[in-house]
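Q: This one is model.txt, compact mmCIF, N, CA and C atoms.
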```txt
# COMPACT_ATOMS: atom_id res chain seq x y z
N MET A 1 -20.97 -28.07 17.95
CA MET A 1 -21.96 -28.49 16.98
C MET A 1 -21.78 -29.97 16.62
N LYS A 2 -20.72 -30.58 17.11
CA LYS A 2 -20.45 -31.98 16.80
C LYS A 2 -21.19 -32.94 17.73
N THR A 3 -21.56 -32.48 18.90
CA THR A 3 -22.25 -33.32 19.87
C THR A 3 -23.75 -33.08 19.76
N ASP A 4 -24.51 -34.16 19.59
CA ASP A 4 -25.97 -34.04 19.41
C ASP A 4 -26.63 -33.23 20.53
N LEU A 5 -26.31 -33.55 21.77
CA LEU A 5 -26.93 -32.89 22.90
C LEU A 5 -26.65 -31.38 22.89
N LEU A 6 -25.39 -31.02 22.69
CA LEU A 6 -25.04 -29.60 22.68
C LEU A 6 -25.61 -28.89 21.46
N ARG A 7 -25.58 -29.53 20.32
CA ARG A 7 -26.15 -28.93 19.10
C ARG A 7 -27.65 -28.67 19.27
N ASP A 8 -28.36 -29.63 19.84
CA ASP A 8 -29.79 -29.45 20.08
C ASP A 8 -30.04 -28.29 21.03
N TYR A 9 -29.22 -28.18 22.06
CA TYR A 9 -29.38 -27.07 23.00
C TYR A 9 -29.11 -25.74 22.30
N ILE A 10 -28.03 -25.68 21.53
CA ILE A 10 -27.65 -24.44 20.85
C ILE A 10 -28.72 -24.02 19.84
N LEU A 11 -29.26 -24.96 19.10
CA LEU A 11 -30.21 -24.63 18.05
C LEU A 11 -31.65 -24.46 18.53
N GLN A 12 -32.00 -25.15 19.59
CA GLN A 12 -33.41 -25.13 20.01
C GLN A 12 -33.63 -24.41 21.33
N SER A 13 -32.96 -24.83 22.36
CA SER A 13 -33.23 -24.28 23.69
C SER A 13 -32.68 -22.88 23.88
N PHE A 14 -31.44 -22.65 23.49
CA PHE A 14 -30.80 -21.35 23.74
C PHE A 14 -31.55 -20.20 23.08
N PRO A 15 -31.89 -20.28 21.80
CA PRO A 15 -32.64 -19.17 21.20
C PRO A 15 -33.98 -18.91 21.88
N LYS A 16 -34.66 -19.96 22.34
CA LYS A 16 -35.93 -19.79 23.04
C LYS A 16 -35.72 -19.08 24.38
N GLU A 17 -34.64 -19.43 25.07
CA GLU A 17 -34.33 -18.76 26.33
C GLU A 17 -34.04 -17.29 26.10
N MET A 18 -33.35 -16.99 25.01
CA MET A 18 -32.99 -15.60 24.70
C MET A 18 -34.23 -14.75 24.43
N GLU A 19 -35.30 -15.35 23.92
CA GLU A 19 -36.53 -14.62 23.65
C GLU A 19 -37.15 -14.05 24.93
N HIS A 20 -36.85 -14.66 26.07
CA HIS A 20 -37.41 -14.22 27.35
C HIS A 20 -36.59 -13.10 27.98
N MET A 21 -35.48 -12.75 27.37
CA MET A 21 -34.63 -11.69 27.91
C MET A 21 -34.78 -10.44 27.07
N ASP A 22 -34.59 -9.31 27.70
CA ASP A 22 -34.76 -8.03 27.03
C ASP A 22 -33.42 -7.55 26.48
N ASN A 23 -33.09 -7.98 25.26
CA ASN A 23 -31.90 -7.53 24.56
C ASN A 23 -30.62 -7.71 25.39
N PRO A 24 -30.29 -8.95 25.79
CA PRO A 24 -29.12 -9.16 26.65
C PRO A 24 -27.80 -8.95 25.91
N LEU A 25 -26.78 -8.55 26.64
CA LEU A 25 -25.42 -8.52 26.13
C LEU A 25 -24.81 -9.88 26.44
N ILE A 26 -24.42 -10.60 25.41
CA ILE A 26 -23.89 -11.95 25.57
C ILE A 26 -22.38 -11.88 25.48
N VAL A 27 -21.69 -12.41 26.50
CA VAL A 27 -20.23 -12.43 26.52
C VAL A 27 -19.78 -13.89 26.44
N PRO A 28 -19.50 -14.36 25.22
CA PRO A 28 -19.06 -15.75 25.07
C PRO A 28 -17.62 -15.90 25.58
N LEU A 29 -17.41 -16.87 26.43
CA LEU A 29 -16.08 -17.09 26.99
C LEU A 29 -15.37 -18.20 26.24
N GLY A 30 -14.73 -17.84 25.17
CA GLY A 30 -13.94 -18.79 24.40
C GLY A 30 -14.36 -18.88 22.95
N VAL A 31 -13.47 -19.46 22.17
CA VAL A 31 -13.62 -19.55 20.73
C VAL A 31 -14.82 -20.40 20.32
N ASN A 32 -15.01 -21.54 20.95
CA ASN A 32 -16.09 -22.44 20.54
C ASN A 32 -17.46 -21.85 20.84
N VAL A 33 -17.60 -21.17 21.95
CA VAL A 33 -18.87 -20.51 22.26
C VAL A 33 -19.11 -19.38 21.25
N SER A 34 -18.06 -18.64 20.93
CA SER A 34 -18.18 -17.58 19.93
C SER A 34 -18.63 -18.13 18.58
N LYS A 35 -18.08 -19.28 18.20
CA LYS A 35 -18.47 -19.90 16.93
C LYS A 35 -19.93 -20.32 16.96
N ALA A 36 -20.39 -20.88 18.06
CA ALA A 36 -21.78 -21.31 18.17
C ALA A 36 -22.72 -20.10 18.08
N LEU A 37 -22.36 -19.01 18.75
CA LEU A 37 -23.20 -17.81 18.70
C LEU A 37 -23.18 -17.17 17.32
N ALA A 38 -22.03 -17.20 16.67
CA ALA A 38 -21.95 -16.66 15.30
C ALA A 38 -22.86 -17.47 14.38
N TYR A 39 -22.90 -18.79 14.56
CA TYR A 39 -23.77 -19.63 13.76
C TYR A 39 -25.24 -19.25 13.99
N LEU A 40 -25.61 -19.07 15.26
CA LEU A 40 -26.99 -18.68 15.56
C LEU A 40 -27.34 -17.33 14.95
N SER A 41 -26.38 -16.43 14.97
CA SER A 41 -26.59 -15.12 14.37
C SER A 41 -26.76 -15.23 12.85
N GLU A 42 -25.93 -16.04 12.21
CA GLU A 42 -26.03 -16.24 10.76
C GLU A 42 -27.37 -16.85 10.37
N GLN A 43 -27.93 -17.65 11.26
CA GLN A 43 -29.22 -18.29 11.00
C GLN A 43 -30.40 -17.38 11.35
N GLY A 44 -30.09 -16.19 11.88
CA GLY A 44 -31.14 -15.25 12.26
C GLY A 44 -31.83 -15.59 13.56
N LEU A 45 -31.20 -16.42 14.38
CA LEU A 45 -31.82 -16.84 15.63
C LEU A 45 -31.50 -15.92 16.80
N ILE A 46 -30.38 -15.20 16.72
CA ILE A 46 -30.05 -14.18 17.71
C ILE A 46 -29.42 -12.99 16.98
N ASP A 47 -29.44 -11.84 17.63
CA ASP A 47 -28.91 -10.61 17.04
C ASP A 47 -27.41 -10.52 17.29
N ALA A 48 -26.64 -10.36 16.23
CA ALA A 48 -25.18 -10.26 16.34
C ALA A 48 -24.75 -9.05 17.16
N ALA A 49 -25.56 -8.01 17.20
CA ALA A 49 -25.21 -6.80 17.94
C ALA A 49 -25.18 -7.04 19.45
N CYS A 50 -25.74 -8.16 19.89
CA CYS A 50 -25.77 -8.48 21.32
C CYS A 50 -24.59 -9.33 21.76
N ILE A 51 -23.73 -9.71 20.83
CA ILE A 51 -22.62 -10.62 21.13
C ILE A 51 -21.32 -9.86 21.25
N LEU A 52 -20.70 -9.90 22.42
CA LEU A 52 -19.39 -9.29 22.61
C LEU A 52 -18.35 -10.31 22.17
N ASP A 53 -18.06 -10.28 20.89
CA ASP A 53 -17.15 -11.26 20.30
C ASP A 53 -15.70 -10.95 20.67
N SER A 54 -14.87 -11.95 20.65
CA SER A 54 -13.42 -11.85 20.85
C SER A 54 -12.99 -11.76 22.31
N PHE A 55 -13.91 -11.93 23.25
CA PHE A 55 -13.51 -11.93 24.66
C PHE A 55 -12.84 -13.28 24.94
N PRO A 56 -11.63 -13.26 25.48
CA PRO A 56 -10.91 -14.52 25.69
C PRO A 56 -11.48 -15.32 26.86
N HIS A 57 -11.30 -16.62 26.80
CA HIS A 57 -11.69 -17.46 27.92
C HIS A 57 -10.79 -17.11 29.10
N PRO A 58 -11.36 -16.86 30.29
CA PRO A 58 -10.55 -16.39 31.41
C PRO A 58 -9.76 -17.46 32.14
N SER A 59 -9.87 -18.70 31.73
CA SER A 59 -9.19 -19.79 32.40
C SER A 59 -7.68 -19.57 32.49
N GLY A 60 -7.11 -19.99 33.57
CA GLY A 60 -5.66 -19.96 33.72
C GLY A 60 -4.97 -20.83 32.69
N GLY A 61 -5.71 -21.78 32.12
CA GLY A 61 -5.17 -22.63 31.06
C GLY A 61 -5.00 -21.88 29.74
N ASN A 62 -5.64 -20.73 29.63
CA ASN A 62 -5.50 -19.91 28.43
C ASN A 62 -4.37 -18.91 28.68
N GLY A 63 -3.17 -19.32 28.35
CA GLY A 63 -1.99 -18.51 28.61
C GLY A 63 -1.92 -17.25 27.77
N HIS A 64 -2.76 -17.14 26.77
CA HIS A 64 -2.75 -15.98 25.88
C HIS A 64 -3.87 -14.99 26.19
N ARG A 65 -4.60 -15.21 27.27
CA ARG A 65 -5.80 -14.42 27.54
C ARG A 65 -5.50 -12.93 27.70
N HIS A 66 -4.40 -12.59 28.35
CA HIS A 66 -4.08 -11.16 28.54
C HIS A 66 -3.75 -10.49 27.21
N ARG A 67 -3.00 -11.18 26.38
CA ARG A 67 -2.64 -10.65 25.06
C ARG A 67 -3.89 -10.57 24.17
N GLN A 68 -4.74 -11.61 24.23
CA GLN A 68 -5.97 -11.60 23.44
C GLN A 68 -6.87 -10.45 23.87
N PHE A 69 -7.00 -10.25 25.18
CA PHE A 69 -7.84 -9.17 25.66
C PHE A 69 -7.30 -7.82 25.21
N ALA A 70 -6.00 -7.62 25.38
CA ALA A 70 -5.39 -6.35 24.98
C ALA A 70 -5.54 -6.11 23.48
N GLY A 71 -5.37 -7.16 22.68
CA GLY A 71 -5.48 -7.03 21.23
C GLY A 71 -6.89 -6.75 20.75
N ASN A 72 -7.88 -7.18 21.51
CA ASN A 72 -9.28 -7.02 21.11
C ASN A 72 -10.01 -5.93 21.88
N LYS A 73 -9.32 -5.30 22.83
CA LYS A 73 -9.97 -4.36 23.74
C LYS A 73 -10.69 -3.22 23.01
N GLU A 74 -10.03 -2.58 22.06
CA GLU A 74 -10.65 -1.44 21.37
C GLU A 74 -11.92 -1.86 20.62
N ASP A 75 -11.85 -2.99 19.91
CA ASP A 75 -13.03 -3.47 19.19
C ASP A 75 -14.17 -3.79 20.15
N MET A 76 -13.83 -4.42 21.28
CA MET A 76 -14.86 -4.76 22.26
C MET A 76 -15.47 -3.50 22.87
N MET A 77 -14.64 -2.48 23.12
CA MET A 77 -15.15 -1.22 23.67
C MET A 77 -16.10 -0.56 22.68
N ASP A 78 -15.75 -0.60 21.40
CA ASP A 78 -16.64 -0.04 20.37
C ASP A 78 -17.97 -0.78 20.34
N MET A 79 -17.89 -2.11 20.40
CA MET A 79 -19.10 -2.91 20.36
C MET A 79 -19.99 -2.62 21.56
N ILE A 80 -19.39 -2.51 22.74
CA ILE A 80 -20.17 -2.22 23.95
C ILE A 80 -20.80 -0.83 23.84
N GLY A 81 -20.05 0.13 23.35
CA GLY A 81 -20.60 1.48 23.16
C GLY A 81 -21.78 1.47 22.22
N ASN A 82 -21.66 0.75 21.10
CA ASN A 82 -22.77 0.66 20.14
C ASN A 82 -23.97 -0.06 20.74
N TYR A 83 -23.69 -1.10 21.52
CA TYR A 83 -24.77 -1.85 22.17
C TYR A 83 -25.59 -0.94 23.08
N PHE A 84 -24.89 -0.18 23.93
CA PHE A 84 -25.61 0.68 24.87
C PHE A 84 -26.24 1.89 24.20
N LYS A 85 -25.68 2.36 23.09
CA LYS A 85 -26.35 3.42 22.34
C LYS A 85 -27.67 2.90 21.79
N GLY A 86 -27.67 1.66 21.31
CA GLY A 86 -28.89 1.06 20.78
C GLY A 86 -29.95 0.89 21.85
N ILE A 87 -29.54 0.53 23.05
CA ILE A 87 -30.49 0.37 24.15
C ILE A 87 -31.07 1.72 24.54
N ALA A 88 -30.23 2.75 24.55
CA ALA A 88 -30.69 4.09 24.95
C ALA A 88 -31.72 4.65 23.99
N THR A 89 -31.66 4.24 22.71
CA THR A 89 -32.61 4.77 21.73
C THR A 89 -33.88 3.95 21.63
N GLU A 90 -33.93 2.82 22.32
CA GLU A 90 -35.14 1.97 22.26
C GLU A 90 -36.24 2.51 23.12
```
Can I see the file as structure tokens?
A:
Amino acid sequence: MKTDLLRDYILQSFPKEMEHMDNPLIVPLGVNVSKALAYLSEQGLIDAACILDSFPHPSGGNGHRHRQFAGNKEDMMDMIGNYFKGIATE
């Protein structure tokens, strides 16, 4: 959100692109992407139920990714289950 170009994309282009998709499951790879999506959700621009939060960035530079994944696995599984239950009832 600190860079004008990225902020403009996050606030203007990304939500418009999401309107063309049919209830996508969004998997943000990393903390900063998760923060940007949380902001969009707080602003009512995207649905929080579509965001698989807490998924670690898979980069080899993220030495904690296995521990982060294991620590968040149950919550992510619950979120995915709820997401697909919602799709099945639509």
Q: Within 9 Å of Pro24 (chain A), counting only C-alpha atoms, which residues show up once you throw out same-chain ones fewer than 6 positions away? Write them as a list in words, please.
A: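 Once the adjacent positions are removed, what remains is Met18, Cys50 and Ile51 of chain A.
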Q: Could you please take those selected residues and save N, CA and C atoms as a short mmCIF file (atom, residue, chain, number, x, y, z; two decimals), in the coordinates of the input?
A:
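Everything below was put into out_4.cif:
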```
data_model
loop_
_atom_site.label_atom_id
_atom_site.label_comp_id
_atom_site.auth_asym_id
_atom_site.auth_seq_id
_atom_site.Cartn_x
_atom_site.Cartn_y
_atom_site.Cartn_z
N MET A 18 -33.35 -16.99 25.01
CA MET A 18 -32.99 -15.60 24.70
C MET A 18 -34.23 -14.75 24.43
N CYS A 50 -25.74 -8.16 19.89
CA CYS A 50 -25.77 -8.48 21.32
C CYS A 50 -24.59 -9.33 21.76
N ILE A 51 -23.73 -9.71 20.83
CA ILE A 51 -22.62 -10.62 21.13
C ILE A 51 -21.32 -9.86 21.25
#
```
Q: Between atom C of Glu74 (chain A) and atom N of Gly61 (chain A), what distance in Å does the model show, to one decimal?
A: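 We find that atom C of Glu74 (chain A) and atom N of Gly61 (chain A) lie 23.8 Å from each other.
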Q: Run DSSP on the backbone and grab whatever in region 16-72 of chain A lands in alpha helix (DSSP H); send it over as a list in words.
A: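 Checking each residue of region 16-72 of chain A, the alpha helix (DSSP H) ones are Lys16, Glu17, Met18, Glu19, Val31, Asn32, Val33, Ser34, Lys35, Ala36, Leu37, Ala38, Tyr39, Leu40, Ser41, Glu42, Arg65, His66, Arg67, Gln68, Phe69, Ala70, Gly71 and Asn72 of chain A.
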Q: With distances taken over only C-alpha atoms, which of A:Ser13, A:Gln68, A:Asn82, A:Ser34 is nearest to Pro56 (chain A)?
A: A:Gln68
Q: Pick out the closest residue to Glu19 (chain A) from this set: A:Pro58, A:Ile87, A:Leu45, A:Gly63. Count only C-alpha atoms.
A: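 The shortest atom-to-atom distance to Glu19 (chain A) comes from A:Leu45.
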Q: Give me, please, the distance in Å between CA of Met1 (chain A) and CA of Ala70 (chain A), quoted to one decimal.
A: 28.8 Å
Q: Smallest atom-to-atom distance to Ile80 (chain A): which of A:Leu6, A:Ala38, A:Val31, A:Leu52, using all atoms listed in the file?
A: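 Going through A:Leu6, A:Ala38, A:Val31, A:Leu52 one by one, the smallest distance to Ile80 (chain A) is for A:Leu52.
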Q: Please determine, counting only N, CA and C atoms, which residue among A:Ile46, A:Ser59, A:Asn32, A:Thr3 has the shortest atom-to-atom distance to Pro15 (chain A).
A: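 Result for the nearest residue to Pro15 (chain A): A:Ile46.
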Q: Tell me which of A:Asn62, A:Ser54, A:Gln12, A:Gln43 sits closest to Met76 (chain A), counting only C-alpha atoms.
A: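 Under the stated criterion, the closest residue is A:Ser54.
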Q: Please indicate the distance in Å from CA of Met79 (chain A) to CA of Asp47 (chain A), rounded to one decimal place.
A: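 Between CA of Met79 (chain A) and CA of Asp47 (chain A) the gap is 12.9 Å.
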Q: Using all atoms listed in the file, which residues sit within 6 Å of Phe55 (chain A) once same-chain residues fewer than 4 positions away are excluded, as number ranges by chain?
A: A: 28-30
Q: Export, as a PDB file, keeping the file's coordinate frame, the selected residues with N, CA and C atoms.
A:
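Wrote it out as result28.pdb, contents follow:
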```
ATOM      1  N   PRO A  28     -19.500 -14.360  25.220  1.00  0.00           N
ATOM      2  CA  PRO A  28     -19.060 -15.750  25.070  1.00  0.00           C
ATOM      3  C   PRO A  28     -17.620 -15.900  25.580  1.00  0.00           C
ATOM      4  N   LEU A  29     -17.410 -16.870  26.430  1.00  0.00           N
ATOM      5  CA  LEU A  29     -16.080 -17.090  26.990  1.00  0.00           C
ATOM      6  C   LEU A  29     -15.370 -18.200  26.240  1.00  0.00           C
ATOM      7  N   GLY A  30     -14.730 -17.840  25.170  1.00  0.00           N
ATOM      8  CA  GLY A  30     -13.940 -18.790  24.400  1.00  0.00           C
ATOM      9  C   GLY A  30     -14.360 -18.880  22.950  1.00  0.00           C
TER      10      GLY A  30
END
```
Q: Quick one: 6 Å padding each side, axis-aligned, all listed atoms of region 55-72 of chain A - centre and edge lengths in Å to one decimal, as lines of an AutoDock Vina configuration file?
A:
```
center_x = -7.9
center_y = -14.3
center_z = 27.2
size_x = 24.0
size_y = 28.7
size_z = 25.0
```
Q: Could you check which of A:Tyr83, A:Ile10, A:Leu5, A:Leu25 is closest to Leu37 (chain A), using all atoms listed in the file?
A: A:Ile10
